[in-house]
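*Asks:* If it helps, the file is called work02.pdb and holds PDB, C-alpha atoms:
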```
ATOM      1  CA  MET A 877      25.085-140.799  -0.323
ATOM      2  CA  PRO A 878      22.421-138.282   0.674
ATOM      3  CA  GLY A 879      20.495-136.088  -1.731
ATOM      4  CA  ARG A 880      18.508-136.598  -4.898
ATOM      5  CA  HIS A 881      20.778-139.435  -6.038
ATOM      6  CA  ASP A 882      20.084-141.473  -2.929
ATOM      7  CA  ILE A 883      19.564-144.688  -4.926
ATOM      8  CA  PRO A 884      20.815-148.272  -4.723
ATOM      9  CA  GLY A 885      23.982-148.659  -6.738
ATOM     10  CA  PRO A 886      27.660-149.545  -6.644
ATOM     11  CA  GLU A 887      28.888-146.203  -5.354
ATOM     12  CA  ARG A 888      31.956-146.798  -3.212
ATOM     13  CA  PRO A 889      35.348-145.326  -2.445
ATOM     14  CA  ALA A 890      37.943-147.429  -0.627
ATOM     15  CA  ARG A 891      41.474-146.823   0.543
ATOM     16  CA  TRP A 892      44.113-149.359   1.490
ATOM     17  CA  THR A 893      46.995-149.572   3.938
ATOM     18  CA  THR A 894      49.181-152.245   5.488
ATOM     19  CA  PRO A 895      47.972-154.256   8.520
ATOM     20  CA  GLY A 896      47.969-151.994  11.532
ATOM     21  CA  GLY A 897      48.533-148.883   9.446
ATOM     22  CA  ASP A 898      46.559-145.781  10.345
ATOM     23  CA  VAL A 899      47.310-143.771   7.193
ATOM     24  CA  PRO A 900      45.891-144.875   3.801
ATOM     25  CA  LEU A 901      48.701-145.631   1.352
ATOM     26  CA  GLN A 902      46.572-146.259  -1.730
ATOM     27  CA  PHE A 903      43.207-145.114  -3.058
ATOM     28  CA  ASP A 904      41.914-148.473  -4.256
ATOM     29  CA  PHE A 905      38.294-148.252  -5.407
ATOM     30  CA  PHE A 906      36.181-145.462  -6.822
ATOM     31  CA  ASP A 907      32.934-146.750  -8.289
ATOM     32  CA  VAL A 908      29.781-144.935  -9.314
ATOM     33  CA  ASP A 909      26.510-146.246 -10.756
ATOM     34  CA  ASP A 910      27.211-146.374 -14.495
ATOM     35  CA  THR A 911      23.493-146.443 -15.363
ATOM     36  CA  LEU A 912      23.228-142.783 -14.346
ATOM     37  CA  PRO A 913      23.373-140.088 -17.049
ATOM     38  CA  ARG A 914      26.841-138.618 -17.458
ATOM     39  CA  ALA A 915      26.101-135.322 -15.678
ATOM     40  CA  ASP A 916      24.455-137.076 -12.725
ATOM     41  CA  ARG A 917      27.263-139.645 -12.547
ATOM     42  CA  ASP A 918      29.865-136.878 -12.430
ATOM     43  CA  GLU A 919      27.948-135.029  -9.714
ATOM     44  CA  VAL A 920      27.483-138.141  -7.580
ATOM     45  CA  GLY A 921      31.099-139.158  -8.040
ATOM     46  CA  LEU A 922      32.434-135.758  -7.072
ATOM     47  CA  ARG A 923      30.234-135.521  -3.971
ATOM     48  CA  LEU A 924      31.164-139.062  -2.986
ATOM     49  CA  PHE A 925      34.870-138.387  -3.344
ATOM     50  CA  ARG A 926      34.794-135.098  -1.459
ATOM     51  CA  THR A 927      32.713-136.516   1.380
ATOM     52  CA  ALA A 928      34.934-139.576   1.770
ATOM     53  CA  ALA A 929      38.172-137.573   1.548
ATOM     54  CA  ALA A 930      36.967-135.089   4.165
ATOM     55  CA  THR A 931      36.075-137.970   6.477
ATOM     56  CA  VAL A 932      39.430-139.746   6.197
ATOM     57  CA  PHE A 933      41.964-136.934   5.745
ATOM     58  CA  PRO A 934      42.524-133.653   7.574
ATOM     59  CA  ALA A 935      42.194-130.465   5.521
ATOM     60  CA  GLY A 936      45.229-129.871   3.324
ATOM     61  CA  ALA A 937      46.612-133.408   3.643
ATOM     62  CA  LYS A 938      48.290-134.931   0.594
ATOM     63  CA  LEU A 939      46.060-137.612  -0.895
ATOM     64  CA  PRO A 940      47.456-141.066  -1.667
ATOM     65  CA  GLU A 941      47.831-142.345  -5.199
ATOM     66  CA  TYR A 942      44.779-143.775  -6.944
ATOM     67  CA  GLY A 943      45.187-147.052  -8.778
ATOM     68  CA  ARG A 944      42.655-148.806 -10.975
ATOM     69  CA  PHE A 945      42.912-152.103 -12.843
ATOM     70  CA  VAL A 946      41.395-151.942 -16.325
ATOM     71  CA  PRO A 947      41.050-154.354 -19.270
ATOM     72  CA  PRO A 948      44.105-154.560 -21.561
ATOM     73  CA  ASP A 949      42.030-153.287 -24.508
ATOM     74  CA  TRP A 950      40.175-150.545 -22.653
ATOM     75  CA  HIS A 951      41.168-147.905 -25.200
ATOM     76  CA  GLU A 952      39.359-149.832 -27.950
ATOM     77  CA  ASP A 953      36.415-151.159 -25.889
ATOM     78  CA  HIS A 954      33.744-148.433 -25.796
ATOM     79  CA  ALA A 955      32.075-149.612 -22.577
ATOM     80  CA  ALA A 956      35.342-150.054 -20.700
ATOM     81  CA  ARG A 957      36.627-146.712 -21.949
ATOM     82  CA  GLU A 958      33.490-144.928 -20.754
ATOM     83  CA  VAL A 959      33.960-146.366 -17.246
ATOM     84  CA  VAL A 960      37.624-145.363 -17.129
ATOM     85  CA  GLU A 961      37.051-141.879 -18.503
ATOM     86  CA  SER A 962      34.098-141.308 -16.171
ATOM     87  CA  ARG A 963      36.191-141.999 -13.057
ATOM     88  CA  THR A 964      39.184-140.103 -14.427
ATOM     89  CA  ARG A 965      37.072-137.083 -15.319
ATOM     90  CA  VAL A 966      35.753-136.780 -11.759
ATOM     91  CA  LEU A 967      39.160-137.218 -10.152
ATOM     92  CA  GLU A 968      40.788-134.726 -12.512
ATOM     93  CA  SER A 969      38.175-132.179 -11.425
ATOM     94  CA  THR A 970      39.592-132.547  -7.880
ATOM     95  CA  GLY A 971      43.169-131.884  -9.045
ATOM     96  CA  ALA A 972      44.335-135.402  -9.882
ATOM     97  CA  ARG A 973      46.458-136.156 -12.937
ATOM     98  CA  LEU A 974      47.468-139.345 -14.682
ATOM     99  CA  LEU A 975      50.964-140.355 -13.601
ATOM    100  CA  VAL A 976      51.297-143.550 -15.622
ATOM    101  CA  GLU A 977      49.526-146.389 -17.393
ATOM    102  CA  ARG A 978      51.100-149.766 -16.698
ATOM    103  CA  LEU A 979      50.994-153.201 -18.273
ATOM    104  CA  ARG A 980      50.128-156.047 -15.924
ATOM    105  CA  LEU A 981      51.781-159.239 -17.102
ATOM    106  CA  GLN A 982      51.612-162.942 -16.361
ATOM    107  CA  TRP A 983      53.880-165.880 -17.138
ATOM    108  CA  THR A 984      52.760-169.509 -17.013
ATOM    109  CA  PRO A 985      55.007-172.590 -17.379
ATOM    110  CA  SER A 986      53.987-173.240 -20.991
ATOM    111  CA  PRO A 987      55.815-172.543 -23.222
ATOM    112  CA  PRO A 988      59.061-173.079 -21.279
ATOM    113  CA  LEU A 989      61.724-170.427 -20.983
ATOM    114  CA  PRO A 990      64.549-170.493 -23.515
ATOM    115  CA  GLU A 991      67.892-171.852 -22.367
ATOM    116  CA  SER A 992      70.352-169.402 -20.832
ATOM    117  CA  GLU A 993      72.649-167.723 -23.327
ATOM    118  CA  GLY A 994      75.540-167.985 -20.874
ATOM    119  CA  ARG A 995      76.732-164.414 -21.399
ATOM    120  CA  LEU A 996      76.154-163.613 -17.725
ATOM    121  CA  VAL A 997      76.788-165.288 -14.395
ATOM    122  CA  PHE A 998      74.524-164.813 -11.397
ATOM    123  CA  ARG A 999      75.132-164.643  -7.674
ATOM    124  CA  PRO A1000      72.846-163.994  -4.697
ATOM    125  CA  VAL A1001      72.542-160.478  -3.305
ATOM    126  CA  ALA A1002      74.789-160.269  -0.258
ATOM    127  CA  ASP A1003      72.993-157.551   1.717
ATOM    128  CA  ARG A1004      71.138-154.239   1.509
ATOM    129  CA  GLU A1005      74.158-152.239   0.394
ATOM    130  CA  ASP A1006      75.067-154.801  -2.268
ATOM    131  CA  LEU A1007      71.767-154.165  -4.025
ATOM    132  CA  LEU A1008      71.492-150.437  -3.290
ATOM    133  CA  ALA A1009      74.866-149.868  -4.929
ATOM    134  CA  LEU A1010      73.270-151.037  -8.191
ATOM    135  CA  MET A1011      69.782-149.636  -7.695
ATOM    136  CA  ALA A1012      71.109-146.053  -7.407
ATOM    137  CA  PRO A1013      72.760-145.889 -10.862
ATOM    138  CA  VAL A1014      69.775-147.721 -12.418
ATOM    139  CA  MET A1015      67.633-144.798 -11.238
ATOM    140  CA  GLU A1016      69.612-142.538 -13.546
ATOM    141  CA  GLY A1017      67.837-142.411 -16.890
ATOM    142  CA  THR A1018      65.036-144.645 -15.636
ATOM    143  CA  LEU A1019      61.934-144.993 -17.810
ATOM    144  CA  ASP A1020      59.810-145.803 -14.756
ATOM    145  CA  ALA A1021      57.344-143.000 -14.039
ATOM    146  CA  HIS A1022      57.416-143.500 -10.275
ATOM    147  CA  GLY A1023      61.207-143.385 -10.288
ATOM    148  CA  GLN A1024      61.146-140.259 -12.430
ATOM    149  CA  ALA A1025      58.670-138.662 -10.019
ATOM    150  CA  HIS A1026      60.958-139.378  -7.058
ATOM    151  CA  LEU A1027      63.888-137.757  -8.850
ATOM    152  CA  ALA A1028      61.755-134.791  -9.919
ATOM    153  CA  SER A1029      60.745-134.271  -6.277
ATOM    154  CA  GLY A1030      64.382-133.561  -5.434
ATOM    155  CA  LEU A1031      65.543-136.975  -4.246
ATOM    156  CA  SER A1032      68.975-138.084  -5.381
ATOM    157  CA  PRO A1033      69.216-141.447  -7.214
ATOM    158  CA  ARG A1034      70.592-142.963  -4.006
ATOM    159  CA  GLU A1035      67.757-141.554  -1.908
ATOM    160  CA  ALA A1036      65.165-142.754  -4.431
ATOM    161  CA  ALA A1037      66.744-146.216  -4.387
ATOM    162  CA  GLU A1038      66.672-146.308  -0.587
ATOM    163  CA  ARG A1039      63.009-145.321  -0.550
ATOM    164  CA  HIS A1040      62.182-148.104  -3.000
ATOM    165  CA  TYR A1041      64.212-150.684  -1.091
ATOM    166  CA  ASP A1042      62.905-149.812   2.368
ATOM    167  CA  GLY A1043      59.337-149.142   1.222
ATOM    168  CA  GLU A1044      58.840-152.329  -0.784
ATOM    169  CA  LEU A1045      61.705-154.759  -1.261
ATOM    170  CA  ALA A1046      62.726-155.092   2.386
ATOM    171  CA  GLY A1047      59.167-156.032   3.308
ATOM    172  CA  PHE A1048      58.939-159.174   1.211
ATOM    173  CA  LYS A1049      58.679-162.259   3.409
ATOM    174  CA  SER A1050      59.809-164.560   0.597
ATOM    175  CA  PRO A1051      63.501-165.538   0.729
ATOM    176  CA  HIS A1052      65.885-162.727  -0.088
ATOM    177  CA  GLU A1053      68.211-165.528  -1.209
ATOM    178  CA  TRP A1054      66.181-165.577  -4.438
ATOM    179  CA  TRP A1055      67.508-162.131  -5.384
ATOM    180  CA  ARG A1056      70.246-162.154  -8.016
ATOM    181  CA  ILE A1057      72.974-159.869  -9.306
ATOM    182  CA  ALA A1058      74.040-160.447 -12.909
ATOM    183  CA  GLU A1059      77.734-160.121 -13.727
ATOM    184  CA  LEU A1060      79.984-160.533 -16.714
ATOM    185  CA  PRO A1061      82.087-163.714 -16.552
ATOM    186  CA  ASP A1062      85.678-163.720 -15.319
ATOM    187  CA  GLY A1063      85.287-160.806 -12.960
ATOM    188  CA  GLY A1064      83.871-158.419 -15.552
ATOM    189  CA  GLY A1065      81.718-156.661 -12.982
ATOM    190  CA  PRO A1066      77.969-156.238 -12.401
ATOM    191  CA  VAL A1067      75.528-155.716 -15.259
ATOM    192  CA  GLY A1068      72.193-155.617 -13.450
ATOM    193  CA  PHE A1069      69.933-157.410 -11.001
ATOM    194  CA  VAL A1070      66.541-159.036 -10.554
ATOM    195  CA  VAL A1071      64.345-159.382  -7.474
ATOM    196  CA  PRO A1072      62.055-162.430  -7.673
ATOM    197  CA  ALA A1073      59.660-162.440  -4.731
ATOM    198  CA  ARG A1074      56.216-163.378  -3.495
ATOM    199  CA  ASN A1075      53.852-160.672  -2.350
ATOM    200  CA  SER A1076      50.590-161.248  -0.480
ATOM    201  CA  TYR A1077      48.959-162.584  -3.648
ATOM    202  CA  HIS A1078      51.372-163.955  -6.253
ATOM    203  CA  PRO A1079      54.943-164.837  -7.139
ATOM    204  CA  ILE A1080      56.296-161.709  -8.832
ATOM    205  CA  ILE A1081      59.229-160.121 -10.560
ATOM    206  CA  ALA A1082      59.364-157.267  -8.081
ATOM    207  CA  TYR A1083      62.208-155.283  -9.602
ATOM    208  CA  ILE A1084      64.678-155.658 -12.443
ATOM    209  CA  GLY A1085      67.312-153.345 -13.817
ATOM    210  CA  VAL A1086      70.344-153.012 -16.070
ATOM    211  CA  LEU A1087      73.165-150.607 -15.282
ATOM    212  CA  PRO A1088      73.333-147.646 -17.698
ATOM    213  CA  ALA A1089      76.711-148.693 -19.132
ATOM    214  CA  HIS A1090      75.300-152.069 -20.174
ATOM    215  CA  ARG A1091      71.929-151.046 -21.613
ATOM    216  CA  GLY A1092      71.187-151.855 -25.231
ATOM    217  CA  ASN A1093      73.170-155.099 -25.251
ATOM    218  CA  GLY A1094      70.278-157.514 -24.761
ATOM    219  CA  HIS A1095      71.227-158.405 -21.170
ATOM    220  CA  ILE A1096      67.734-157.697 -19.865
ATOM    221  CA  ASP A1097      66.396-160.899 -21.455
ATOM    222  CA  GLU A1098      68.864-163.123 -19.634
ATOM    223  CA  ILE A1099      68.343-161.319 -16.320
ATOM    224  CA  LEU A1100      64.563-161.634 -16.604
ATOM    225  CA  ALA A1101      64.886-165.303 -17.550
ATOM    226  CA  GLU A1102      67.001-165.949 -14.453
ATOM    227  CA  GLY A1103      64.437-164.342 -12.160
ATOM    228  CA  THR A1104      61.660-166.297 -13.820
ATOM    229  CA  ARG A1105      63.572-169.586 -13.483
ATOM    230  CA  ILE A1106      64.082-169.028  -9.761
ATOM    231  CA  LEU A1107      60.346-168.660  -9.192
ATOM    232  CA  ALA A1108      59.449-171.454 -11.628
ATOM    233  CA  ALA A1109      61.734-173.795  -9.661
ATOM    234  CA  GLU A1110      59.398-173.278  -6.697
ATOM    235  CA  GLY A1111      56.643-175.015  -8.669
ATOM    236  CA  VAL A1112      54.486-171.932  -9.134
ATOM    237  CA  ASP A1113      51.712-172.013 -11.736
ATOM    238  CA  ARG A1114      52.039-168.316 -12.641
ATOM    239  CA  ILE A1115      54.291-165.318 -12.156
ATOM    240  CA  ARG A1116      53.075-161.732 -12.221
ATOM    241  CA  ALA A1117      54.958-158.590 -13.233
ATOM    242  CA  SER A1118      54.258-155.080 -14.416
ATOM    243  CA  THR A1119      55.980-152.318 -16.337
ATOM    244  CA  ASP A1120      55.117-148.849 -17.550
ATOM    245  CA  LEU A1121      53.431-148.613 -20.943
ATOM    246  CA  GLY A1122      56.154-146.175 -21.946
ATOM    247  CA  ASN A1123      58.975-148.530 -20.972
ATOM    248  CA  VAL A1124      59.009-150.176 -24.383
ATOM    249  CA  PRO A1125      62.331-152.077 -24.008
ATOM    250  CA  MET A1126      61.145-153.736 -20.795
ATOM    251  CA  ALA A1127      57.709-154.533 -22.227
ATOM    252  CA  LYS A1128      59.331-156.194 -25.254
ATOM    253  CA  SER A1129      61.602-158.240 -23.012
ATOM    254  CA  PHE A1130      58.636-159.522 -21.002
ATOM    255  CA  ALA A1131      56.872-160.455 -24.243
ATOM    256  CA  ARG A1132      59.925-162.380 -25.498
ATOM    257  CA  ALA A1133      59.996-164.294 -22.202
ATOM    258  CA  GLY A1134      56.373-165.369 -22.656
ATOM    259  CA  TYR A1135      54.697-162.898 -20.314
ATOM    260  CA  VAL A1136      51.178-161.989 -21.487
ATOM    261  CA  ASN A1137      49.505-158.631 -20.921
ATOM    262  CA  PHE A1138      46.300-159.678 -19.128
ATOM    263  CA  GLU A1139      45.358-156.298 -17.666
ATOM    264  CA  ARG A1140      46.472-152.689 -17.336
ATOM    265  CA  SER A1141      46.554-150.298 -14.417
ATOM    266  CA  LEU A1142      46.176-146.539 -14.213
ATOM    267  CA  ASN A1143      47.823-144.480 -11.501
ATOM    268  CA  LEU A1144      46.632-140.957 -10.740
ATOM    269  CA  VAL A1145      48.229-138.595  -8.246
ATOM    270  CA  TRP A1146      47.493-135.295  -6.532
ATOM    271  CA  ASP A1147      50.463-132.925  -6.606
TER     272      ASP A1147
END
```
If you convert what's in this file into structure tokens, what do you get?

*Replies:*
Amino acid sequence: MPGRHDIPGPERPARWTTPGGDVPLQFDFFDVDDTLPRADRDEVGLRLFRTAAATVFPAGAKLPEYGRFVPPDWHEDHAAREVVESRTRVLESTGARLLVERLRLQWTPSPPLPESEGRLVFRPVADREDLLALMAPVMEGTLDAHGQAHLASGLSPREAAERHYDGELAGFKSPHEWWRIAELPDGGGPVGFVVPARNSYHPIIAYIGVLPAHRGNGHIDEILAEGTRILAAEGVDRIRASTDLGNVPMAKSFARAGYVNFERSLNLVWD
């Protein structure tokens, strides 16, 4: 970083994409020397961001989403809050806004999951259309900020579901046979679904949903438990998941299943 702040320090921006990708899909790191005074830190951060963005993206290009992992208690921890607000302040000065704060969750085999209540039966997902037929109505009334943003952009629930499926779910190399659709017994029809998977780092609950007509009946707990059991049967020592801070029903369900909030994430976007 040239100029009067040309000093050793942890200044770095980094962007991420898939192997072989030539377009950054995520803005991963944005770090500035936190020993600098606030005004200097803001100036260095802004110059760093602008220089890096101009190097990577053509003028007028839409910037990818910025994501940052933060401690679960960052609001209460003064030092952690200062770091978060420092980065956010600089990015907001470039036009970014906070899209969502998310809970990052982890399950370990102790304590064990409760026994199934038996109110639902589960079957494997047959194919792409089998799952998309349920994902589309789940998009309606979703509490997920990314889903809401897709709908607000003009996508239909079906189109938003297809984007989610093709952009994430279809790419998992773990067995799609793990995926489950939850149904009422005796041919009562589908209630929801869960997508247990393994990404490049961890076993995860990639996606879970309850159809609008069946929300509020406590089915989410049994669906989550089924997805967790499928991964636990593989002998994993932990399972990761995440949900929006504002999705209180889902967060409570994860807590009842023994998932612990070990971290949070912030997602900022440029409109």

*Asks:* Within 12 Å of Asp1062 in chain A, counting all atoms listed in the file, which residues qualify if same-chain residues fewer than 3 places away don't, as a PyMOL selection string?

*Replies:* chain A and resi 995-998+1059+1065-1066

*Asks:* Save the residues we just selected, C-alpha atoms, as a PDB file, keeping the file's coordinate frame?

*Replies:*
```pdb
ATOM      1  CA  ARG A 995      76.732-164.414 -21.399  1.00  0.00           C
ATOM      2  CA  LEU A 996      76.154-163.613 -17.725  1.00  0.00           C
ATOM      3  CA  VAL A 997      76.788-165.288 -14.395  1.00  0.00           C
ATOM      4  CA  PHE A 998      74.524-164.813 -11.397  1.00  0.00           C
ATOM      5  CA  GLU A1059      77.734-160.121 -13.727  1.00  0.00           C
ATOM      6  CA  GLY A1065      81.718-156.661 -12.982  1.00  0.00           C
ATOM      7  CA  PRO A1066      77.969-156.238 -12.401  1.00  0.00           C
TER       8      PRO A1066
END
```

*Asks:* As an exercise, work out the distance from CA of Glu1102 in chain A to CA of Ile1080 in chain A in Å and give it to one decimal place.

*Replies:*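 If I compute the distance from CA of Glu1102 in chain A to CA of Ile1080 in chain A, I get 12.8 Å.
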
*Asks:* Using all atoms listed in the file, can you tell me which of A:Thr911, A:Ser1129, A:Ser992, A:Thr1119 comes closest to Glu977 in chain A?

*Replies:* A:Thr1119

*Asks:* Using Å and a single decimal, report how far CA of Asp918 in chain A sits from CA of Ser962 in chain A.

*Replies:* 7.2 Å

*Asks:* Evaluating the PyMOL selection byres ((chain A and resi 1099) around 9) on the displayed file yields which residues, as a PyMOL selection string?

*Replies:* chain A and resi 996+998+1056-1058+1068-1070+1084-1086+1095-1098+1100-1104

*Asks:* Between CA of Glu968 in chain A and CA of Ser1141 in chain A, what distance in Å does the model show, to one decimal?

*Replies:*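 These atoms are spaced 16.7 Å apart.
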
*Asks:* Looking at A:Phe1048, A:Phe1130, A:Tyr1083, A:Phe906, which one is nearest to Val959 in chain A, with distances taken over all atoms listed in the file?

*Replies:*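 Ranked by minimum distance to Val959 in chain A, first place goes to A:Phe906.
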
*Asks:* Could you list the residues chosen by the PyMOL selection byres ((chain A and resi 1127) around 10) in this structure as number ranges by chain?

*Replies:* A: 978-981, 1118-1126, 1128-1132, 1135-1137

*Asks:* Do you know which residues the PyMOL selection byres ((chain A and resi 1026) around 10) returns on this file, as a VMD selection string?

*Replies:* chain A and resid 1015 1021 to 1025 1027 to 1033 1035 to 1037 1039 to 1040

*Asks:* Please determine an axis-aligned box that encloses all atoms of range 957-964 of chain A listed in the file, with 8 Å added on each side, and express its centre and edge lengths in Å to one decimal as lines of an AutoDock Vina configuration file.

*Replies:*
```
center_x = 36.3
center_y = -143.4
center_z = -17.5
size_x = 21.7
size_y = 22.6
size_z = 24.9
```

*Asks:* Would you give me, as JSON lines, each residue of range 1047-1072 of chain A having an atom within 12 Å of an atom of range 1108-1114 of chain A, along with its shortest atom pair and that distance in Å to one decimal, using all atoms listed in the file and sorting by chain and residue number?

*Replies:*
```
{"residue": "A:Ser1050", "atom": "CA", "partner": "A:Glu1110", "partner_atom": "CA", "distance": 11.4}
{"residue": "A:Pro1051", "atom": "CA", "partner": "A:Glu1110", "partner_atom": "CA", "distance": 11.5}
{"residue": "A:Trp1054", "atom": "CA", "partner": "A:Glu1110", "partner_atom": "CA", "distance": 10.5}
{"residue": "A:Pro1072", "atom": "CA", "partner": "A:Ala1108", "partner_atom": "CA", "distance": 10.2}
```

*Asks:* Give the answer as one residue: which of A:Leu922, A:Ala1089, A:Leu1107, A:Ala929 has the shortest atom-to-atom distance to Leu1010 in chain A, using all atoms listed in the file?

*Replies:*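 Using all atoms listed in the file, Leu1010 in chain A sits closest to A:Ala1089.
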
*Asks:* (71.1, -157.0, 0.4) in this file's frame - what residues fall within 12 Å of it? Use all atoms listed in the file and give the answer as a PyMOL selection string.

*Replies:* chain A and resi 999-1011+1038+1041-1042+1045-1046+1051-1057+1069+1071

*Asks:* Export C-alpha atoms of the chosen residues as a compact mmCIF listing (two decimals), in the frame of the given file?

*Replies:*
```txt
# COMPACT_ATOMS: atom_id res chain seq x y z
CA ARG A 999 75.13 -164.64 -7.67
CA PRO A 1000 72.85 -163.99 -4.70
CA VAL A 1001 72.54 -160.48 -3.30
CA ALA A 1002 74.79 -160.27 -0.26
CA ASP A 1003 72.99 -157.55 1.72
CA ARG A 1004 71.14 -154.24 1.51
CA GLU A 1005 74.16 -152.24 0.39
CA ASP A 1006 75.07 -154.80 -2.27
CA LEU A 1007 71.77 -154.16 -4.03
CA LEU A 1008 71.49 -150.44 -3.29
CA ALA A 1009 74.87 -149.87 -4.93
CA LEU A 1010 73.27 -151.04 -8.19
CA MET A 1011 69.78 -149.64 -7.70
CA GLU A 1038 66.67 -146.31 -0.59
CA TYR A 1041 64.21 -150.68 -1.09
CA ASP A 1042 62.90 -149.81 2.37
CA LEU A 1045 61.70 -154.76 -1.26
CA ALA A 1046 62.73 -155.09 2.39
CA PRO A 1051 63.50 -165.54 0.73
CA HIS A 1052 65.89 -162.73 -0.09
CA GLU A 1053 68.21 -165.53 -1.21
CA TRP A 1054 66.18 -165.58 -4.44
CA TRP A 1055 67.51 -162.13 -5.38
CA ARG A 1056 70.25 -162.15 -8.02
CA ILE A 1057 72.97 -159.87 -9.31
CA PHE A 1069 69.93 -157.41 -11.00
CA VAL A 1071 64.34 -159.38 -7.47
```

*Asks:* Counting only C-alpha atoms, what is within 10 Å of Ala955 in chain A, bar same-chain residues fewer than 5 positions away, as a count of residues only?

*Replies:* 3

*Asks:* Which is closer to Ala972 in chain A than all the others in A:Phe1138, A:Phe905, A:Tyr942, A:Phe933, using only C-alpha atoms?

*Replies:*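 Checking each of A:Phe1138, A:Phe905, A:Tyr942, A:Phe933 against Ala972 in chain A, counting only C-alpha atoms, the winner is A:Tyr942.
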
*Asks:* Rank nothing, just name the residue among A:Arg923, A:Gly943, A:Arg914, A:Ala935 nearest to Leu975 in chain A, using all atoms listed in the file.

*Replies:*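 The shortest atom-to-atom distance to Leu975 in chain A comes from A:Gly943.
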
*Asks:* Smallest atom-to-atom distance to Ala1117 in chain A: which of A:Phe903, A:Tyr1077, A:Trp1146, A:Phe925, using only C-alpha atoms?

*Replies:*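 Using only C-alpha atoms, Ala1117 in chain A sits closest to A:Tyr1077.
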